[in-house]
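Some notes on the structure that comes next.
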Amino acid sequence: MLAVDVKNIKKTFVTKQETVEAVKDVSFQVEQGEIFGLLGPNGAGKSTTILMLTTLLSITKGEASILGLDIVTKDKEVREKIGVALQDTGIDNLLTGKELFFTTCRLWGYSKKDSEKRTMELLELVGLTEAADRRVKTYSGGMKRRLDLGLSLVHSPDILFLDEPTTGLDPGSRRVLWEEIKRLRDNGVTIILTTQYLEEADELADRLAIIDEGLVVAEGTSDELKASIGGDVITFSFENDSDLKNAKNVLNDAIEDKDQLRITVENGAAKIPSFINDLNKNGIIVSSVSASKPTLDDVFLEVTGYRLEGSAGSDSSNELEVK
Ligand SMILES: Nc1ncnc2c1ncn2[C@@H]1O[C@H](COP(=O)(O)OP(=O)(O)OP(=O)(O)O)[C@@H](O)[C@H]1O
Ligand SMILES: [Mg+2]
């Protein structure tokens, strides 16, 4: 049975001022025991999708089921199977970590004794045992995200939804959370997470969907998505703008990206000399050229036509200066 089966869901917000199609058409399937990533920029519709799938927001159109349970007609059963850590949590800062776990356990119906036991287990699991008696308001950003993760696990959910679990964290804290998320997956929990970070999707997700403007524009494993581009990415830089414009006419299929041209071909490195020859024949001076394997960044550019903000671009190994 599929952990999550989403079929053409849609969410339209109607306000007095405007109608926003936050999610236009999103479908994906998640197998049990995998980490599935929803990768997309600000406003893509990630949180709206998570809110619908966790029954916190009604769906406008389409259908979805969790472990075979329809999220609309079986919402109560669905809520028992899932845990969720939302992007904007309203954690009560005045409580200590331990008190917060204990209260949440009690809310889920555990006895006092079981709540105490579960509290200690979960504090340990997310590495907060030593900070257990400190007020949550004194926790660092990374500790708060680990707390969110721990709280979402109180009732031992089969399926976990994490909305941007590492946004705003430094690279070290991000790695710690990645390890915790992987450990949960290895213990059989299915995880659906959203992210704006290419590196996170690449490192963590067994499969992923790229979501842009409310639509799924690509889906697969990170390797499948990279392979779908086919071959190597060759990047050309030019001395000036007019050379770039002229080169665009010479190199068919080239995509303009900032002040570079990119072209995807099989055996990229071997084809560089003939490309440069063609350009030189047309009086165009290439200032540098590089060939590299496609990255998720290249996939994102290919399917959306733009780069995710803050992404560094594909690493330009094999860069050659052409003089
Ligand atoms: N309650 C709402 N009413 C009206 N519009 C909304 C509402 N919630 C979200 N939107 C709009 O829907 C679109 C998708 O928002 P959503 O929060 O799902 O994006 P996101 O991918 O989670 O972005 P981010 O990375 O910034 O968290 C945005 O244009 C947003 O402004
Ligand atoms: Mg969001």
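Every chain in the structure tokens has a letter given in the order shown (A, B, ...), and although residue numbers restart at 1 in each chain, ligands are simply numbered from 1 in the order shown.
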
Which protein, DNA or RNA residues have an atom within 12 Å of ligand 1, counting only C-alpha atoms and all ligand atoms, as a PyMOL selection string?
chain A and resi 10-24+26+38-52+56-58+86-88+162-168+193-197+210-216+308-309

Members of range 238-318 of chain A assigned strand (DSSP E) by DSSP, as a PyMOL selection string:
chain A and resi 238+255-257+260-265+286-292

Can you tell me, as a PyMOL selection string, which residues in range 40-187 of chain A count as helix (DSSP H, G or I) by DSSP?
chain A and resi 46-53+75-81+97-107+112-125+136-138+141-151+171-186

Neighbouring residues of Asn249 in chain A were defined as those with any atom within 12 Å, considering only C-alpha atoms; residues of the same chain fewer than 5 positions away were excluded. Please report them as a list in words.
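Surrounding residues, per the criterion: Ser242, Asp243, Leu244, Ala254, Ile255, Glu256, Leu261, Asp278, Leu279, Asn282 and Ile284 of chain A.
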
Which residues are near Glu130 in chain A? Cut-off 12 Å, only C-alpha atoms, ignore same chain within fewer than 2 positions. Put them as a list of chain:residue names.
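Within the cut-off, the hits are A:Thr96, A:Gly97, A:Lys98, A:Met120, A:Leu123, A:Glu124, A:Leu125, A:Val126, A:Gly127, A:Leu128, A:Ala132, A:Asp133, A:Arg134, A:Tyr139, A:Met143.
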
Using only C-alpha atoms, which of A:Glu219, A:Glu80, A:Asp232, A:Asp253 sits nearest Ser290 in chain A?
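Of all the options, A:Asp232 lies closest to Ser290 in chain A.
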
Separation of CA of Thr119 in chain A and CA of Val154 in chain A, in Å?
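Going from CA of Thr119 in chain A over to CA of Val154 in chain A covers 8.2 Å.
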
Would you kindly return, as an MDAnalysis selection string, each protein, DNA or RNA residue with an atom no farther than 12 Å from any atom of Glu116 in chain A, considering only C-alpha atoms and excluding same-chain residues fewer than 4 positions away?
chainID A and resid 98:106 110:112 120:123 154

For the selection just defined, write its residues with N, CA and C atoms to a file, as a PDB file, in the first residue's frame.
ATOM      1  N   LYS A  98      11.216  19.569  28.648  1.00  0.00           N
ATOM      2  CA  LYS A  98      10.613  18.386  29.271  1.00  0.00           C
ATOM      3  C   LYS A  98       9.115  18.585  29.497  1.00  0.00           C
ATOM      4  N   GLU A  99       8.761  19.777  30.006  1.00  0.00           N
ATOM      5  CA  GLU A  99       7.333  20.063  30.262  1.00  0.00           C
ATOM      6  C   GLU A  99       6.525  20.022  28.969  1.00  0.00           C
ATOM      7  N   LEU A 100       7.134  20.534  27.915  1.00  0.00           N
ATOM      8  CA  LEU A 100       6.422  20.577  26.643  1.00  0.00           C
ATOM      9  C   LEU A 100       6.162  19.163  26.101  1.00  0.00           C
ATOM     10  N   PHE A 101       7.173  18.302  26.195  1.00  0.00           N
ATOM     11  CA  PHE A 101       6.976  16.910  25.765  1.00  0.00           C
ATOM     12  C   PHE A 101       5.911  16.227  26.624  1.00  0.00           C
ATOM     13  N   PHE A 102       6.028  16.453  27.935  1.00  0.00           N
ATOM     14  CA  PHE A 102       5.093  15.803  28.855  1.00  0.00           C
ATOM     15  C   PHE A 102       3.650  16.223  28.542  1.00  0.00           C
ATOM     16  N   THR A 103       3.435  17.544  28.362  1.00  0.00           N
ATOM     17  CA  THR A 103       2.091  18.054  28.072  1.00  0.00           C
ATOM     18  C   THR A 103       1.563  17.473  26.767  1.00  0.00           C
ATOM     19  N   THR A 104       2.440  17.424  25.760  1.00  0.00           N
ATOM     20  CA  THR A 104       2.000  16.895  24.467  1.00  0.00           C
ATOM     21  C   THR A 104       1.630  15.415  24.580  1.00  0.00           C
ATOM     22  N   CYS A 105       2.411  14.669  25.347  1.00  0.00           N
ATOM     23  CA  CYS A 105       2.090  13.249  25.561  1.00  0.00           C
ATOM     24  C   CYS A 105       0.731  13.111  26.233  1.00  0.00           C
ATOM     25  N   ARG A 106       0.484  13.955  27.231  1.00  0.00           N
ATOM     26  CA  ARG A 106      -0.810  13.893  27.930  1.00  0.00           C
ATOM     27  C   ARG A 106      -1.953  14.221  26.963  1.00  0.00           C
ATOM     28  N   TYR A 110      -1.686   9.720  26.670  1.00  0.00           N
ATOM     29  CA  TYR A 110      -0.832   8.821  27.455  1.00  0.00           C
ATOM     30  C   TYR A 110      -1.071   9.056  28.948  1.00  0.00           C
ATOM     31  N   SER A 111      -0.924   7.992  29.768  1.00  0.00           N
ATOM     32  CA  SER A 111      -1.033   8.137  31.224  1.00  0.00           C
ATOM     33  C   SER A 111       0.155   8.963  31.708  1.00  0.00           C
ATOM     34  N   LYS A 112       0.098   9.409  32.972  1.00  0.00           N
ATOM     35  CA  LYS A 112       1.214  10.203  33.507  1.00  0.00           C
ATOM     36  C   LYS A 112       2.519   9.425  33.433  1.00  0.00           C
ATOM     37  N   MET A 120      11.200  11.157  28.206  1.00  0.00           N
ATOM     38  CA  MET A 120      12.634  10.905  28.304  1.00  0.00           C
ATOM     39  C   MET A 120      13.163  10.267  27.014  1.00  0.00           C
ATOM     40  N   GLU A 121      12.386   9.331  26.463  1.00  0.00           N
ATOM     41  CA  GLU A 121      12.785   8.664  25.205  1.00  0.00           C
ATOM     42  C   GLU A 121      12.977   9.676  24.080  1.00  0.00           C
ATOM     43  N   LEU A 122      11.979  10.559  23.951  1.00  0.00           N
ATOM     44  CA  LEU A 122      12.005  11.502  22.827  1.00  0.00           C
ATOM     45  C   LEU A 122      13.076  12.574  23.004  1.00  0.00           C
ATOM     46  N   LEU A 123      13.264  13.017  24.260  1.00  0.00           N
ATOM     47  CA  LEU A 123      14.331  13.998  24.511  1.00  0.00           C
ATOM     48  C   LEU A 123      15.669  13.407  24.085  1.00  0.00           C
ATOM     49  N   VAL A 154       5.506  12.221  19.060  1.00  0.00           N
ATOM     50  CA  VAL A 154       4.964  11.761  20.340  1.00  0.00           C
ATOM     51  C   VAL A 154       4.103  10.498  20.196  1.00  0.00           C
TER      52      VAL A 154
END

Work out how far CA of Lys281 in chain A is from CA of Ala269 in chain A, in Å to one decimal.
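So the two atoms, CA of Ala269 in chain A and CA of Lys281 in chain A, lie 19.7 Å apart.
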
Tell me, in Å to one decimal, how far CA of Asp186 in chain A is from CA of Gly37 in chain A.
16.1 Å

Do you know which residues are at most 10 Å from Ile276 in chain A counting only C-alpha atoms, after dropping those on the same chain fewer than 6 positions away, and could you put them as number ranges by chain?
A: 236, 282, 284-286, 289, 322

Put those residues in a file: C-alpha atoms, as a PDB file, in the first residue's frame.
ATOM      1  CA  PHE A 236      30.402  29.472 -21.930  1.00  0.00           C
ATOM      2  CA  ASN A 282      31.752  33.838 -36.346  1.00  0.00           C
ATOM      3  CA  ILE A 284      32.955  35.530 -31.200  1.00  0.00           C
ATOM      4  CA  ILE A 285      35.519  35.445 -28.408  1.00  0.00           C
ATOM      5  CA  VAL A 286      34.879  32.896 -25.646  1.00  0.00           C
ATOM      6  CA  VAL A 289      34.285  27.383 -20.982  1.00  0.00           C
ATOM      7  CA  VAL A 322      40.308  30.258 -23.270  1.00  0.00           C
TER       8      VAL A 322
END

Please provide as a VMD selection string all residues within 8 Å of Val4 in chain A, with the sequence filter that same-chain residues fewer than 2 positions apart are discarded (counting only C-alpha atoms).
chain A and resid 2 6 28 to 31 64 to 68

I need the chosen residues saved as a PDB file, in the first residue's frame, with N, CA and C atoms.
ATOM      1  N   LEU A   2       0.459   2.244  -0.741  1.00  0.00           N
ATOM      2  CA  LEU A   2       1.216   3.490  -0.782  1.00  0.00           C
ATOM      3  C   LEU A   2       1.084   4.234   0.551  1.00  0.00           C
ATOM      4  N   VAL A   6      -1.396  11.138  -3.869  1.00  0.00           N
ATOM      5  CA  VAL A   6      -2.001  12.457  -4.100  1.00  0.00           C
ATOM      6  C   VAL A   6      -2.411  12.556  -5.556  1.00  0.00           C
ATOM      7  N   PHE A  28       1.465  13.158  -6.597  1.00  0.00           N
ATOM      8  CA  PHE A  28       2.679  12.354  -6.379  1.00  0.00           C
ATOM      9  C   PHE A  28       2.335  11.154  -5.506  1.00  0.00           C
ATOM     10  N   GLN A  29       3.211  10.159  -5.565  1.00  0.00           N
ATOM     11  CA  GLN A  29       3.036   8.974  -4.742  1.00  0.00           C
ATOM     12  C   GLN A  29       4.275   8.783  -3.884  1.00  0.00           C
ATOM     13  N   VAL A  30       4.055   8.378  -2.651  1.00  0.00           N
ATOM     14  CA  VAL A  30       5.175   8.104  -1.757  1.00  0.00           C
ATOM     15  C   VAL A  30       5.047   6.677  -1.247  1.00  0.00           C
ATOM     16  N   GLU A  31       6.128   5.888  -1.427  1.00  0.00           N
ATOM     17  CA  GLU A  31       6.141   4.515  -0.924  1.00  0.00           C
ATOM     18  C   GLU A  31       6.422   4.530   0.569  1.00  0.00           C
ATOM     19  N   ALA A  64      -6.764  12.705  -2.114  1.00  0.00           N
ATOM     20  CA  ALA A  64      -5.511  12.173  -1.593  1.00  0.00           C
ATOM     21  C   ALA A  64      -5.817  11.167  -0.505  1.00  0.00           C
ATOM     22  N   SER A  65      -4.948  10.147  -0.412  1.00  0.00           N
ATOM     23  CA  SER A  65      -5.116   9.186   0.671  1.00  0.00           C
ATOM     24  C   SER A  65      -3.774   8.926   1.344  1.00  0.00           C
ATOM     25  N   ILE A  66      -3.878   8.592   2.619  1.00  0.00           N
ATOM     26  CA  ILE A  66      -2.703   8.283   3.433  1.00  0.00           C
ATOM     27  C   ILE A  66      -2.895   6.868   3.944  1.00  0.00           C
ATOM     28  N   LEU A  67      -1.978   5.965   3.599  1.00  0.00           N
ATOM     29  CA  LEU A  67      -2.113   4.540   3.936  1.00  0.00           C
ATOM     30  C   LEU A  67      -3.504   4.027   3.558  1.00  0.00           C
ATOM     31  N   GLY A  68      -3.947   4.426   2.405  1.00  0.00           N
ATOM     32  CA  GLY A  68      -5.226   3.953   1.886  1.00  0.00           C
ATOM     33  C   GLY A  68      -6.447   4.672   2.456  1.00  0.00           C
TER      34      GLY A  68
END

Hey, which of A:Leu153, A:Glu199, A:Ala85, A:Ile71 ends up closest to ligand 2? Count only C-alpha atoms and all ligand atoms.
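Looking at the shortest contact to ligand 2, the residue is A:Ala85.
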